[in-house]
>>> print(open('entry.txt').read())   # compact mmCIF, C-alpha atoms
# COMPACT_ATOMS: atom_id res chain seq x y z
CA MET A 1 17.96 0.76 -9.23
CA LYS A 2 15.88 -1.92 -7.53
CA LEU A 3 12.87 -2.96 -9.58
CA HIS A 4 9.97 -4.30 -7.55
CA THR A 5 7.80 -7.23 -8.62
CA PHE A 6 5.72 -10.14 -7.31
CA LYS A 7 7.31 -13.46 -6.46
CA ILE A 8 5.18 -16.29 -7.85
CA GLY A 9 4.69 -17.00 -11.54
CA GLY A 10 4.36 -14.42 -14.29
CA ILE A 11 5.20 -14.35 -17.99
CA HIS A 12 6.85 -12.06 -20.53
CA PRO A 13 4.61 -11.76 -23.63
CA ALA A 14 5.68 -9.59 -26.56
CA GLU A 15 4.74 -6.01 -25.71
CA ASN A 16 3.59 -4.84 -29.17
CA LYS A 17 3.01 -1.31 -27.88
CA ILE A 18 3.11 0.38 -31.27
CA ALA A 19 0.96 3.28 -30.04
CA ALA A 20 3.50 4.25 -27.37
CA GLY A 21 4.66 7.81 -27.94
CA LYS A 22 1.67 8.73 -30.11
CA PRO A 23 -0.18 11.76 -28.72
CA ILE A 24 -3.70 11.39 -27.40
CA GLU A 25 -6.30 12.41 -30.00
CA ASN A 26 -9.72 13.72 -29.03
CA MET A 27 -12.37 11.81 -30.93
CA PRO A 28 -15.22 14.06 -32.13
CA LEU A 29 -18.43 13.66 -30.17
CA PRO A 30 -20.66 11.11 -31.93
CA ALA A 31 -24.15 12.01 -33.11
CA GLU A 32 -25.60 9.14 -31.09
CA VAL A 33 -24.51 7.22 -27.99
CA VAL A 34 -25.64 3.98 -26.39
CA LEU A 35 -25.14 4.11 -22.62
CA PRO A 36 -25.50 0.80 -20.75
CA VAL A 37 -26.64 1.19 -17.15
CA ALA A 38 -24.20 -1.56 -16.07
CA GLN A 39 -20.70 -0.19 -16.70
CA HIS A 40 -19.29 -1.22 -13.34
CA ILE A 41 -19.14 -3.99 -10.76
CA GLY A 42 -22.22 -3.97 -8.54
CA ALA A 43 -25.87 -3.07 -8.97
CA PRO A 44 -26.81 -1.57 -12.36
CA ALA A 45 -27.66 2.12 -12.40
CA LYS A 46 -31.33 3.11 -12.70
CA PRO A 47 -32.44 5.36 -15.59
CA VAL A 48 -33.73 8.76 -14.50
CA VAL A 49 -34.74 9.78 -18.02
CA LYS A 50 -37.37 8.51 -20.43
CA LYS A 51 -37.98 8.54 -24.16
CA GLY A 52 -38.33 12.10 -25.46
CA ASP A 53 -36.40 13.76 -22.64
CA LYS A 54 -33.78 16.37 -23.54
CA VAL A 55 -30.39 16.06 -21.86
CA LYS A 56 -27.27 18.18 -21.81
CA ARG A 57 -23.66 17.04 -21.88
CA GLY A 58 -22.71 16.02 -18.35
CA ASP A 59 -26.27 15.33 -17.19
CA MET A 60 -26.81 12.23 -15.07
CA VAL A 61 -29.06 9.88 -17.04
CA ALA A 62 -28.96 6.93 -14.62
CA GLU A 63 -28.52 7.05 -10.85
CA ALA A 64 -26.59 4.57 -8.72
CA GLY A 65 -28.64 1.46 -7.97
CA GLY A 66 -27.12 0.97 -4.52
CA PHE A 67 -23.97 1.62 -2.52
CA VAL A 68 -21.88 -0.64 -4.76
CA SER A 69 -22.96 1.06 -7.97
CA ALA A 70 -22.23 4.19 -10.00
CA PRO A 71 -24.28 6.75 -11.91
CA VAL A 72 -24.02 7.22 -15.68
CA HIS A 73 -23.67 10.62 -17.38
CA SER A 74 -24.28 11.59 -20.99
CA PRO A 75 -21.22 12.77 -22.97
CA ILE A 76 -23.47 14.54 -25.50
CA SER A 77 -26.46 16.85 -25.52
CA GLY A 78 -29.49 15.43 -27.27
CA THR A 79 -32.79 13.62 -27.01
CA VAL A 80 -33.43 10.22 -25.44
CA VAL A 81 -34.75 8.21 -28.39
CA LYS A 82 -35.34 4.97 -26.49
CA ILE A 83 -34.40 2.83 -23.52
CA ASP A 84 -33.70 -0.63 -24.82
CA VAL A 85 -31.28 -3.55 -24.56
CA CYS A 86 -27.74 -3.57 -25.92
CA ARG A 87 -24.80 -5.97 -25.80
CA THR A 88 -21.92 -4.96 -23.55
CA PRO A 89 -18.27 -5.67 -24.46
CA GLN A 90 -18.66 -8.81 -22.31
CA GLY A 91 -21.47 -9.93 -24.63
CA LEU A 92 -24.17 -9.55 -21.98
CA PRO A 93 -27.60 -8.07 -22.74
CA VAL A 94 -28.22 -5.05 -20.49
CA GLU A 95 -30.56 -2.08 -20.38
CA ALA A 96 -29.19 0.97 -22.18
CA ILE A 97 -30.14 4.59 -22.81
CA TYR A 98 -30.00 5.69 -26.47
CA ILE A 99 -29.38 9.42 -26.99
CA LYS A 100 -29.25 11.26 -30.32
CA SER A 101 -28.09 14.83 -30.94
CA ASP A 102 -29.06 17.38 -33.59
CA GLU A 103 -27.09 20.30 -35.04
CA ALA A 104 -28.07 22.69 -32.24
CA ASP A 105 -26.99 20.14 -29.64
CA ARG A 106 -23.63 19.69 -31.33
CA GLU A 107 -23.06 23.46 -31.43
CA ALA A 108 -23.81 23.70 -27.71
CA ASP A 109 -21.42 20.83 -26.98
CA ALA A 110 -18.67 22.44 -29.05
CA LYS A 111 -18.93 25.58 -26.90
CA ALA A 112 -18.93 23.48 -23.72
CA LEU A 113 -15.76 21.66 -24.82
CA GLU A 114 -13.98 25.00 -25.25
CA GLN A 115 -14.46 25.59 -21.52
CA ARG A 116 -13.56 22.04 -20.52
CA GLU A 117 -10.29 22.90 -18.76
CA THR A 118 -11.75 25.78 -16.73
CA PRO A 119 -11.57 25.00 -12.99
CA ALA A 120 -14.89 24.71 -11.21
CA ARG A 121 -13.29 25.15 -7.78
CA SER A 122 -10.55 27.47 -6.57
CA GLU A 123 -7.42 26.17 -4.85
CA ALA A 124 -8.80 27.45 -1.56
CA GLU A 125 -12.10 25.62 -2.08
CA ILE A 126 -10.28 22.39 -2.95
CA ALA A 127 -8.02 22.69 0.10
CA ALA A 128 -11.09 23.13 2.30
CA LEU A 129 -12.63 19.83 1.17
CA ASP A 130 -12.43 17.03 3.72
CA GLY A 131 -12.19 13.33 2.88
CA LYS A 132 -15.95 12.74 2.95
CA ALA A 133 -16.61 15.67 0.61
CA ILE A 134 -14.06 14.32 -1.88
CA ILE A 135 -15.62 10.85 -1.72
CA ASP A 136 -19.07 12.34 -2.35
CA ILE A 137 -17.77 14.20 -5.43
CA ILE A 138 -16.16 11.00 -6.72
CA LYS A 139 -19.37 9.04 -6.11
CA ASN A 140 -21.61 11.58 -7.84
CA ALA A 141 -19.20 11.80 -10.80
CA GLY A 142 -19.63 8.07 -11.51
CA ILE A 143 -15.93 7.30 -11.18
CA VAL A 144 -14.97 3.63 -11.21
CA GLY A 145 -11.72 1.72 -11.60
CA LEU A 146 -10.58 2.39 -15.15
CA GLY A 147 -8.06 -0.44 -15.32
CA GLY A 148 -10.78 -2.84 -16.40
CA ALA A 149 -12.30 -4.09 -13.14
CA THR A 150 -14.62 -1.03 -12.89
CA PHE A 151 -15.13 -1.30 -9.13
CA PRO A 152 -16.78 1.93 -7.88
CA CYS A 153 -14.05 4.24 -6.61
CA HIS A 154 -16.01 5.58 -3.64
CA VAL A 155 -16.53 2.05 -2.28
CA LYS A 156 -12.79 1.37 -2.13
CA LEU A 157 -12.34 4.67 -0.33
CA SER A 158 -14.92 3.60 2.28
CA PRO A 159 -13.40 0.47 3.88
CA PRO A 160 -15.53 -1.69 6.20
CA PRO A 161 -15.42 -1.14 9.98
CA GLY A 162 -12.25 -2.46 11.53
CA SER A 163 -10.20 -1.84 8.38
CA LYS A 164 -7.74 1.01 8.08
CA ALA A 165 -5.99 2.29 4.97
CA GLU A 166 -2.27 3.04 5.21
CA VAL A 167 -1.27 3.65 1.61
CA VAL A 168 -2.84 4.49 -1.75
CA ILE A 169 -1.18 2.55 -4.57
CA ILE A 170 -1.69 3.90 -8.08
CA ASN A 171 -1.64 1.12 -10.67
CA ALA A 172 0.30 2.61 -13.58
CA ALA A 173 1.89 -0.69 -14.65
CA GLU A 174 -0.11 -1.08 -17.88
CA CYS A 175 1.29 -4.59 -18.29
CA GLU A 176 -1.26 -5.70 -20.91
CA PRO A 177 0.39 -6.00 -24.36
CA CYS A 178 -0.62 -3.55 -27.11
CA LEU A 179 -2.09 -0.92 -24.77
CA SER A 180 -0.44 2.50 -24.35
CA CYS A 181 -3.32 4.71 -23.21
CA ASP A 182 -2.14 4.97 -19.59
CA ASP A 183 1.44 5.57 -20.71
CA MET A 184 0.43 8.56 -22.83
CA LEU A 185 -1.96 9.86 -20.17
CA MET A 186 0.97 9.97 -17.74
CA ARG A 187 3.31 11.64 -20.23
CA GLU A 188 0.79 14.34 -21.15
CA ASN A 189 -0.92 14.96 -17.78
CA PRO A 190 1.58 14.27 -14.97
CA ARG A 191 0.62 17.24 -12.77
CA GLU A 192 -3.09 16.50 -13.05
CA ILE A 193 -2.49 12.85 -12.14
CA VAL A 194 -0.36 13.76 -9.12
CA LYS A 195 -3.11 16.14 -7.99
CA GLY A 196 -5.61 13.30 -8.38
CA VAL A 197 -3.37 11.04 -6.29
CA SER A 198 -3.15 13.64 -3.51
CA LEU A 199 -6.95 13.94 -3.52
CA LEU A 200 -7.31 10.15 -3.27
CA MET A 201 -4.85 10.14 -0.35
CA LYS A 202 -6.86 12.82 1.44
CA ALA A 203 -10.08 10.92 0.81
CA ALA A 204 -8.54 7.71 2.18
CA GLY A 205 -6.97 9.48 5.15
CA VAL A 206 -3.42 8.33 4.39
CA SER A 207 -0.12 10.16 4.14
CA ARG A 208 1.60 7.83 1.68
CA GLY A 209 0.93 7.39 -2.03
CA VAL A 210 2.89 5.19 -4.44
CA ILE A 211 2.65 5.44 -8.23
CA ALA A 212 3.84 2.05 -9.52
CA ILE A 213 5.01 2.07 -13.16
CA GLU A 214 6.66 -0.70 -15.18
CA ASN A 215 10.21 0.24 -16.13
CA ASN A 216 9.45 0.18 -19.88
CA LYS A 217 7.84 3.64 -19.59
CA PRO A 218 10.85 5.91 -18.85
CA GLU A 219 9.18 9.08 -20.16
CA ALA A 220 6.17 8.56 -17.89
CA ILE A 221 8.41 7.78 -14.92
CA GLU A 222 10.42 10.96 -15.48
CA ALA A 223 7.33 13.14 -15.97
CA LEU A 224 5.58 11.87 -12.84
CA THR A 225 8.75 11.92 -10.73
CA GLN A 226 9.20 15.59 -11.58
CA ALA A 227 5.53 16.39 -10.95
CA ALA A 228 5.56 14.58 -7.60
CA SER A 229 8.85 16.08 -6.42
CA THR A 230 7.13 18.98 -4.65
CA VAL A 231 4.18 16.98 -3.26
CA PRO A 232 4.78 15.43 0.19
CA GLY A 233 4.11 11.71 0.59
CA ILE A 234 3.98 10.68 -3.08
CA GLU A 235 6.69 8.50 -4.59
CA VAL A 236 7.10 7.01 -8.06
CA MET A 237 8.18 3.37 -7.90
CA PRO A 238 9.64 1.68 -11.03
CA MET A 239 8.48 -1.92 -11.41
CA LYS A 240 10.00 -4.89 -13.19
CA VAL A 241 8.41 -5.61 -16.57
CA LYS A 242 6.44 -8.80 -15.94
CA TYR A 243 2.85 -9.80 -16.64
CA PRO A 244 0.49 -9.51 -14.73
CA GLN A 245 2.31 -6.80 -12.78
CA GLY A 246 -0.87 -4.72 -12.81
CA GLY A 247 -2.94 -7.36 -11.03
CA GLU A 248 -4.19 -5.82 -7.79
CA LYS A 249 -2.85 -8.57 -5.53
CA GLN A 250 0.44 -8.77 -7.41
CA LEU A 251 0.90 -5.00 -7.21
CA ILE A 252 0.27 -4.89 -3.47
CA GLU A 253 2.83 -7.63 -2.90
CA ALA A 254 5.39 -5.87 -5.09
CA VAL A 255 4.93 -2.43 -3.52
CA ILE A 256 4.49 -3.13 0.20
CA GLY A 257 5.54 -6.79 0.49
CA LYS A 258 2.20 -8.01 1.86
CA GLU A 259 -0.08 -10.71 0.49
CA VAL A 260 -3.84 -10.34 0.26
CA PRO A 261 -5.24 -13.28 2.27
CA SER A 262 -7.16 -15.94 0.35
CA GLY A 263 -10.80 -14.88 0.28
CA GLY A 264 -9.90 -11.53 1.84
CA LEU A 265 -10.01 -7.95 0.61
CA PRO A 266 -6.97 -5.87 -0.40
CA ILE A 267 -7.73 -3.44 2.44
CA ALA A 268 -6.61 -6.23 4.82
CA THR A 269 -3.05 -5.26 3.83
CA GLY A 270 -3.72 -1.57 4.46
CA ALA A 271 -3.61 -0.78 0.74
CA ILE A 272 -6.14 0.91 -1.54
CA VAL A 273 -5.32 0.40 -5.21
CA GLN A 274 -6.61 2.74 -7.92
CA ASN A 275 -5.73 2.90 -11.60
CA VAL A 276 -3.76 5.90 -12.88
CA ALA A 277 -6.61 6.86 -15.23
CA THR A 278 -8.92 6.82 -12.22
CA ALA A 279 -6.63 9.30 -10.46
CA TYR A 280 -6.86 11.55 -13.52
CA ALA A 281 -10.67 11.24 -13.50
CA VAL A 282 -10.67 12.23 -9.81
CA TYR A 283 -8.70 15.37 -10.68
CA ARG A 284 -11.22 16.27 -13.38
CA ALA A 285 -14.18 15.67 -11.08
CA VAL A 286 -12.87 17.59 -8.07
CA VAL A 287 -10.98 20.42 -9.78
CA LEU A 288 -12.94 20.85 -13.02
CA GLY A 289 -16.34 19.62 -11.86
CA GLU A 290 -16.56 17.11 -14.71
CA PRO A 291 -18.27 13.73 -14.30
CA LEU A 292 -16.78 10.65 -15.94
CA MET A 293 -17.98 10.78 -19.55
CA ASP A 294 -15.03 9.56 -21.61
CA ARG A 295 -11.67 7.86 -21.36
CA VAL A 296 -8.45 7.31 -23.28
CA LEU A 297 -8.11 3.94 -25.03
CA THR A 298 -5.69 2.42 -27.51
CA LEU A 299 -6.86 1.46 -31.01
CA HIS A 300 -4.42 -1.17 -32.31
CA ASP A 301 -4.68 -2.73 -35.78
CA GLY A 302 -1.29 -4.43 -35.97
CA ASN A 303 0.34 -1.88 -38.27
CA THR A 304 -0.56 1.40 -36.62
CA GLY A 305 -1.81 2.38 -33.22
CA ARG A 306 -3.65 5.41 -31.89
CA ASN A 307 -4.48 6.67 -28.42
CA LEU A 308 -7.97 8.15 -28.51
CA ARG A 309 -10.10 9.97 -25.96
CA VAL A 310 -13.46 8.35 -26.65
CA PRO A 311 -16.88 9.38 -25.26
CA PHE A 312 -18.71 6.54 -23.54
CA GLY A 313 -21.51 5.09 -25.61
CA THR A 314 -19.60 5.41 -28.89
CA ILE A 315 -20.22 2.19 -30.82
CA LEU A 316 -17.54 0.05 -32.44
CA ALA A 317 -18.85 0.79 -35.93
CA THR A 318 -18.08 4.48 -35.40
CA LEU A 319 -14.61 3.79 -33.98
CA THR A 320 -13.58 1.47 -36.80
CA GLU A 321 -15.15 3.46 -39.65
CA GLY A 322 -12.78 3.70 -42.61
CA LEU A 323 -10.58 0.84 -41.44
CA GLU A 324 -10.21 -2.50 -43.17
CA GLU A 325 -12.87 -4.88 -41.87
CA PRO A 326 -11.15 -7.09 -39.30
CA GLU A 327 -11.65 -10.82 -38.87
CA LYS A 328 -12.15 -10.30 -35.16
CA ILE A 329 -12.39 -7.34 -32.79
CA ILE A 330 -11.05 -7.78 -29.28
CA ILE A 331 -12.17 -5.25 -26.69
CA GLY A 332 -9.33 -4.81 -24.22
CA GLY A 333 -5.93 -6.39 -24.74
CA PRO A 334 -4.77 -9.77 -26.08
CA MET A 335 -4.44 -11.35 -22.61
CA MET A 336 -7.67 -10.34 -20.86
CA GLY A 337 -9.80 -8.86 -23.65
CA ARG A 338 -13.10 -10.26 -24.96
CA THR A 339 -14.22 -10.73 -28.55
CA ALA A 340 -16.90 -8.26 -29.61
CA SER A 341 -20.13 -9.92 -30.70
CA THR A 342 -21.38 -6.98 -32.79
CA LEU A 343 -20.21 -3.67 -34.24
CA GLN A 344 -23.05 -2.05 -32.30
CA THR A 345 -21.17 -2.72 -29.05
CA PRO A 346 -20.69 0.55 -27.12
CA MET A 347 -17.49 1.67 -25.45
CA ILE A 348 -17.92 1.82 -21.68
CA LYS A 349 -15.94 2.85 -18.60
CA GLY A 350 -13.78 -0.28 -18.54
CA THR A 351 -12.81 -0.23 -22.23
CA SER A 352 -9.05 0.30 -22.38
CA GLY A 353 -8.37 -0.90 -25.92
CA ILE A 354 -9.69 -2.02 -29.28
CA LEU A 355 -7.58 -4.72 -30.90
CA LEU A 356 -7.89 -5.38 -34.64
CA ASP A 357 -4.54 -7.13 -35.10
CA LYS A 358 -4.85 -10.21 -37.34
CA ARG A 359 -2.23 -11.99 -35.23
CA TYR A 360 -4.79 -12.33 -32.48
CA ALA A 361 -7.72 -13.28 -34.73
CA HIS A 362 -7.11 -17.04 -34.68
CA ARG A 363 -6.13 -19.56 -32.06
CA ARG A 364 -3.55 -22.23 -32.70
CA PRO A 365 -4.82 -25.82 -33.04
CA VAL A 366 -5.54 -27.34 -29.64
CA GLU A 367 -3.56 -30.45 -28.72
CA ASN A 368 -3.69 -32.87 -25.80
CA CYS A 369 -2.24 -31.77 -22.45
CA ILE A 370 1.33 -33.06 -22.08
CA ARG A 371 1.41 -32.60 -18.28
CA CYS A 372 4.39 -30.24 -18.49
CA GLY A 373 3.24 -28.00 -15.63
CA ARG A 374 4.07 -24.74 -17.41
CA CYS A 375 0.63 -23.33 -16.62
CA SER A 376 1.27 -23.87 -12.91
CA ASP A 377 4.70 -22.25 -13.17
CA ALA A 378 3.13 -19.21 -14.88
CA CYS A 379 0.19 -18.78 -12.49
CA PRO A 380 0.77 -15.68 -10.31
CA MET A 381 -1.71 -17.01 -7.74
CA GLY A 382 0.07 -20.33 -7.20
CA LEU A 383 -2.88 -22.37 -8.51
CA GLU A 384 -2.89 -25.52 -10.66
CA PRO A 385 -4.69 -24.31 -13.79
CA PHE A 386 -4.53 -27.67 -15.60
CA LEU A 387 -6.37 -29.32 -12.68
CA LEU A 388 -8.97 -26.56 -12.40
CA ALA A 389 -9.58 -26.68 -16.16
CA THR A 390 -10.01 -30.46 -16.13
CA LEU A 391 -12.37 -30.39 -13.15
CA SER A 392 -14.39 -27.60 -14.78
CA ARG A 393 -14.63 -29.56 -18.02
CA LEU A 394 -15.93 -32.53 -16.00
CA LYS A 395 -18.36 -30.25 -14.11
CA GLU A 396 -16.91 -31.25 -10.73
CA TRP A 397 -17.85 -27.93 -9.19
CA ASP A 398 -17.25 -28.91 -5.55
CA GLU A 399 -13.71 -29.98 -6.39
CA VAL A 400 -13.21 -26.82 -8.41
CA GLU A 401 -14.15 -24.77 -5.35
CA ALA A 402 -11.96 -26.87 -3.05
CA ASN A 403 -8.96 -26.13 -5.28
CA LYS A 404 -9.31 -22.36 -4.75
CA VAL A 405 -10.70 -21.33 -8.13
CA ALA A 406 -12.06 -18.16 -6.48
CA ASN A 407 -8.45 -16.94 -6.20
CA CYS A 408 -8.00 -16.96 -10.00
CA ILE A 409 -7.55 -13.45 -11.43
CA GLU A 410 -8.26 -14.63 -15.02
CA CYS A 411 -5.01 -13.10 -16.31
CA GLY A 412 -4.55 -15.73 -19.03
CA SER A 413 -0.94 -16.55 -18.15
CA CYS A 414 -1.80 -20.26 -18.09
CA SER A 415 -3.16 -20.26 -21.64
CA TYR A 416 -0.21 -18.21 -22.87
CA ALA A 417 2.29 -20.64 -21.35
CA CYS A 418 0.57 -23.80 -22.62
CA PRO A 419 2.60 -25.47 -25.43
CA ALA A 420 -0.48 -27.49 -26.39
CA SER A 421 -2.50 -24.30 -27.01
CA ARG A 422 -5.25 -25.42 -24.67
CA PRO A 423 -7.82 -22.77 -23.67
CA VAL A 424 -6.99 -23.28 -20.00
CA VAL A 425 -8.22 -19.93 -18.73
CA ASP A 426 -11.57 -20.35 -20.52
CA PHE A 427 -12.35 -23.55 -18.61
CA VAL A 428 -11.06 -22.09 -15.34
CA ARG A 429 -13.20 -18.98 -15.86
CA LEU A 430 -16.26 -21.17 -16.39
CA GLY A 431 -15.52 -23.03 -13.17
CA LYS A 432 -15.02 -19.78 -11.31
CA GLN A 433 -18.35 -18.42 -12.55
CA LYS A 434 -20.17 -21.56 -11.38
CA VAL A 435 -18.46 -21.56 -7.99
CA MET A 436 -19.01 -17.83 -7.38
CA ALA A 437 -22.70 -18.23 -8.26
CA ALA A 438 -22.98 -21.10 -5.76
CA MET A 439 -21.20 -19.05 -3.08
CA ARG A 440 -23.58 -16.12 -3.62
CA ALA A 441 -26.57 -18.47 -3.40
CA ARG A 442 -25.31 -19.91 -0.10
CA ALA A 443 -24.76 -16.42 1.29
CA ALA A 444 -28.28 -15.36 0.28
CA ALA A 445 -29.75 -18.49 1.87
CA LYS A 446 -28.00 -17.71 5.16
CA LYS A 447 -29.51 -14.22 5.22
CA ALA A 448 -33.01 -15.52 4.48
>>> encode(input="entry.txt", output="structure tokens")
Amino acid sequence: MKLHTFKIGGIHPAENKIAAGKPIENMPLPAEVVLPVAQHIGAPAKPVVKKGDKVKRGDMVAEAGGFVSAPVHSPISGTVVKIDVCRTPQGLPVEAIYIKSDEADREADAKALEQRETPARSEAEIAALDGKAIIDIIKNAGIVGLGGATFPCHVKLSPPPGSKAEVVIINAAECEPCLSCDDMLMRENPREIVKGVSLLMKAAGVSRGVIAIENNKPEAIEALTQAASTVPGIEVMPMKVKYPQGGEKQLIEAVIGKEVPSGGLPIATGAIVQNVATAYAVYRAVVLGEPLMDRVLTLHDGNTGRNLRVPFGTILATLTEGLEEPEKIIIGGPMMGRTASTLQTPMIKGTSGILLDKRYAHRRPVENCIRCGRCSDACPMGLEPFLLATLSRLKEWDEVEANKVANCIECGSCSYACPASRPVVDFVRLGKQKVMAAMRARAAAKKA
């Protein structure tokens, strides 16, 4: 069997997927949630509730702040106790809606959960939906990319004039070490995911869909292959196990053999990429009428792992209650995750994992660069990370931009490969942030 992959760079970190094979557990609804209005790329959502308002589970509490934005829905019934600032998993202060439930609210939610799998639309009604109607449902449900990037799903399905989609690629690689949430979602819900893929294909106006899965997930591959066997146009494509196989540009190259042009959009290749959990969310929105209110994530403490369906707005303190206090909490995975700044940090749409493993709590001592070039060999974008890191450290922002820092996908392969334990990706990320800010400022000045 041919295993597809990207050509340049890549690494093979230890997988540490100890939660693989462990069934998804439904976390009880919390008594209180903290819902940031910025859970996606683009303009923050705008609150449509105020202190003292009563809300029901599934109610929209913040509307999209623009085209590139997404609404926010409450996963619990309750009362808005305040609208204040919270810290996101990225450590940024953002506006958030605080909602608290009482006993009556929790009883109402328990009854609602019993009906959660009841279809809101018949097969005939779903078949009658055209692409625009599906996109509108996705938009109103607040669905974003659930692989971590959190780009609004409806925006990807609405390419700019002159662009045409030819294929929908479902990113089911889950190449990040320690995470198994997508794996278990595929094993337990293959038919629902395939239905979600077919809906995405209809919305995009394409006849081909590819579900790309790394070959270390044989149970998921088998389940989805069987589920897709009777659905025209959908194929399951096993991928070589290599990090960062799930990078959007790397996945497009591996699946259709085309490269996203530097500075260009993925749609230039004719591909629309969506995460497998996003496809499942599309199924729930279109078939069950459910907005995006929760997601499956992996809780990994080094000894045991769990796959949990967690309502958005649940804070870290609730998730880690009863566990040994960790030295550090990483939100996400060991390669691309961020360290949590407080236990009051809420889980949001892009949260795919909680990492408590002591092995990732400390960095090795940093030594001088030995000019070995391993970071360049590992870079899947063909960049020179050591040069970008040095220029960023020296604040040579023009040179950083000239050396294509905007192409960096921040995968961390350079830092992983470095024998001197240098925080290469941290310096490169800083340079990228500075350059992107300068590029946005120039674009705004041109419009003025």
>>> closest_residue(input="entry.txt", among="A:Pro423, A:Pro218, A:Pro261, A:Pro238", to="Met184 of chain A", atoms="all atoms listed in the file")
A:Pro218
>>> residues_around(input="entry.txt", residues="segment 13-25 of chain A", least_positions_apart="3", cutoff="8 Å", atoms="only C-alpha atoms", output="PyMOL selection string")
chain A and resi 176-181+183-185+243+296+298+300+303-309
>>> residues_around(input="entry.txt", residues="Ile213 of chain A", least_positions_apart="6", cutoff="6 Å", atoms="all atoms listed in the file", output="list in words")
Ala172, Ala173, Pro238 and Met239 of chain A
>>> write_last_selection(input="entry.txt", atoms="C-alpha atoms", output="tab-separated table (two decimals), in the coordinates of the input")
chain	number	residue	atom	x	y	z
A	172	ALA	CA	0.30	2.61	-13.58
A	173	ALA	CA	1.89	-0.69	-14.65
A	238	PRO	CA	9.64	1.68	-11.03
A	239	MET	CA	8.48	-1.92	-11.41
>>> closest_residue(input="entry.txt", among="A:Thr345, A:Ser413, A:Ser229, A:Thr278", to="Leu199 of chain A", atoms="all atoms listed in the file")
A:Thr278
>>> residues_near_point(input="entry.txt", point="(-1.8, 17.0, 4.7)", cutoff="10 Å", atoms="only C-alpha atoms", output="PyMOL selection string")
chain A and resi 127+198+201-202+205-207+231-233
>>> atom_distance(input="entry.txt", atom1="atom CA of Lys100 of chain A", atom2="atom CA of Gln39 of chain A")
19.7 Å
>>> atom_distance(input="entry.txt", atom1="atom CA of Asn216 of chain A", atom2="atom CA of Leu3 of chain A")
11.3 Å
>>> residues_around(input="entry.txt", residues="Asp53 of chain A", least_positions_apart="3", cutoff="9 Å", atoms="only C-alpha atoms", output="VMD selection string")
chain A and resid 49 to 50 78 to 81
>>> closest_atom_pairs(input="entry.txt", of="segment 113-164 of chain A", to="segment 327-334 of chain A", cutoff="12 Å", atoms="all atoms listed in the file", output="tab-separated table")
residue	atom	partner	partner_atom	distance
A:Leu146	CA	A:Gly332	CA	11.6
A:Gly147	CA	A:Gly332	CA	10.0
A:Gly148	CA	A:Gly332	CA	8.2
A:Ala149	CA	A:Gly332	CA	11.5
>>> closest_residue(input="entry.txt", among="A:Val260, A:Thr5, A:Ala254, A:Val34", to="Arg87 of chain A", atoms="only C-alpha atoms")
A:Val34
>>> atom_distance(input="entry.txt", atom1="atom CA of Gly382 of chain A", atom2="atom CA of Pro159 of chain A")
27.1 Å
>>> residues_around(input="entry.txt", residues="segment 390-393 of chain A", least_positions_apart="3", cutoff="9 Å", atoms="only C-alpha atoms", output="count of residues only")
14
>>> closest_residue(input="entry.txt", among="A:Leu200, A:Ala378, A:Val286, A:Cys175", to="Arg121 of chain A", atoms="all atoms listed in the file")
A:Val286
>>> closest_residue(input="entry.txt", among="A:Glu125, A:Glu174, A:Glu219, A:Glu324", to="Gly353 of chain A", atoms="only C-alpha atoms")
A:Glu174
>>> residues_around(input="entry.txt", residues="Ala406 of chain A", least_positions_apart="2", cutoff="8 Å", atoms="only C-alpha atoms", output="ChimeraX atom specification")
/A:263,401,404,408,432,435-436
>>> closest_residue(input="entry.txt", among="A:Lys164, A:Lys56, A:Lys395, A:His73", to="Ala141 of chain A", atoms="only C-alpha atoms")
A:His73
>>> closest_atom_pairs(input="entry.txt", of="segment 37-85 of chain A", to="segment 105-112 of chain A", cutoff="8 Å", atoms="all atoms listed in the file", output="Markdown table")
| residue | atom | partner | partner_atom | distance |
| --- | --- | --- | --- | --- |
| A:Arg57 | CA | A:Asp109 | CA | 6.7 |
| A:Ile76 | CA | A:Asp109 | CA | 6.8 |
| A:Ser77 | CA | A:Asp105 | CA | 5.3 |
| A:Gly78 | CA | A:Asp105 | CA | 5.8 |
>>> decode(input="entry.txt", residues="segment 348-353 of chain A", atoms="N, CA and C atoms", output="PDB file, in the first residue's frame")
ATOM      1  N   ILE A 348     -11.735  26.266  24.860  1.00  0.00           N
ATOM      2  CA  ILE A 348     -12.418  26.924  23.754  1.00  0.00           C
ATOM      3  C   ILE A 348     -12.435  26.012  22.525  1.00  0.00           C
ATOM      4  N   LYS A 349     -12.890  26.532  21.405  1.00  0.00           N
ATOM      5  CA  LYS A 349     -13.113  25.699  20.222  1.00  0.00           C
ATOM      6  C   LYS A 349     -11.842  25.035  19.704  1.00  0.00           C
ATOM      7  N   GLY A 350     -10.700  25.685  19.863  1.00  0.00           N
ATOM      8  CA  GLY A 350      -9.458  25.127  19.345  1.00  0.00           C
ATOM      9  C   GLY A 350      -8.688  24.262  20.314  1.00  0.00           C
ATOM     10  N   THR A 351      -9.251  23.969  21.489  1.00  0.00           N
ATOM     11  CA  THR A 351      -8.536  23.189  22.502  1.00  0.00           C
ATOM     12  C   THR A 351      -8.653  21.700  22.206  1.00  0.00           C
ATOM     13  N   SER A 352      -7.559  21.100  21.766  1.00  0.00           N
ATOM     14  CA  SER A 352      -7.579  19.677  21.405  1.00  0.00           C
ATOM     15  C   SER A 352      -6.968  18.785  22.471  1.00  0.00           C
ATOM     16  N   GLY A 353      -6.281  19.377  23.443  1.00  0.00           N
ATOM     17  CA  GLY A 353      -5.660  18.547  24.468  1.00  0.00           C
ATOM     18  C   GLY A 353      -5.238  19.340  25.686  1.00  0.00           C
TER      19      GLY A 353
END
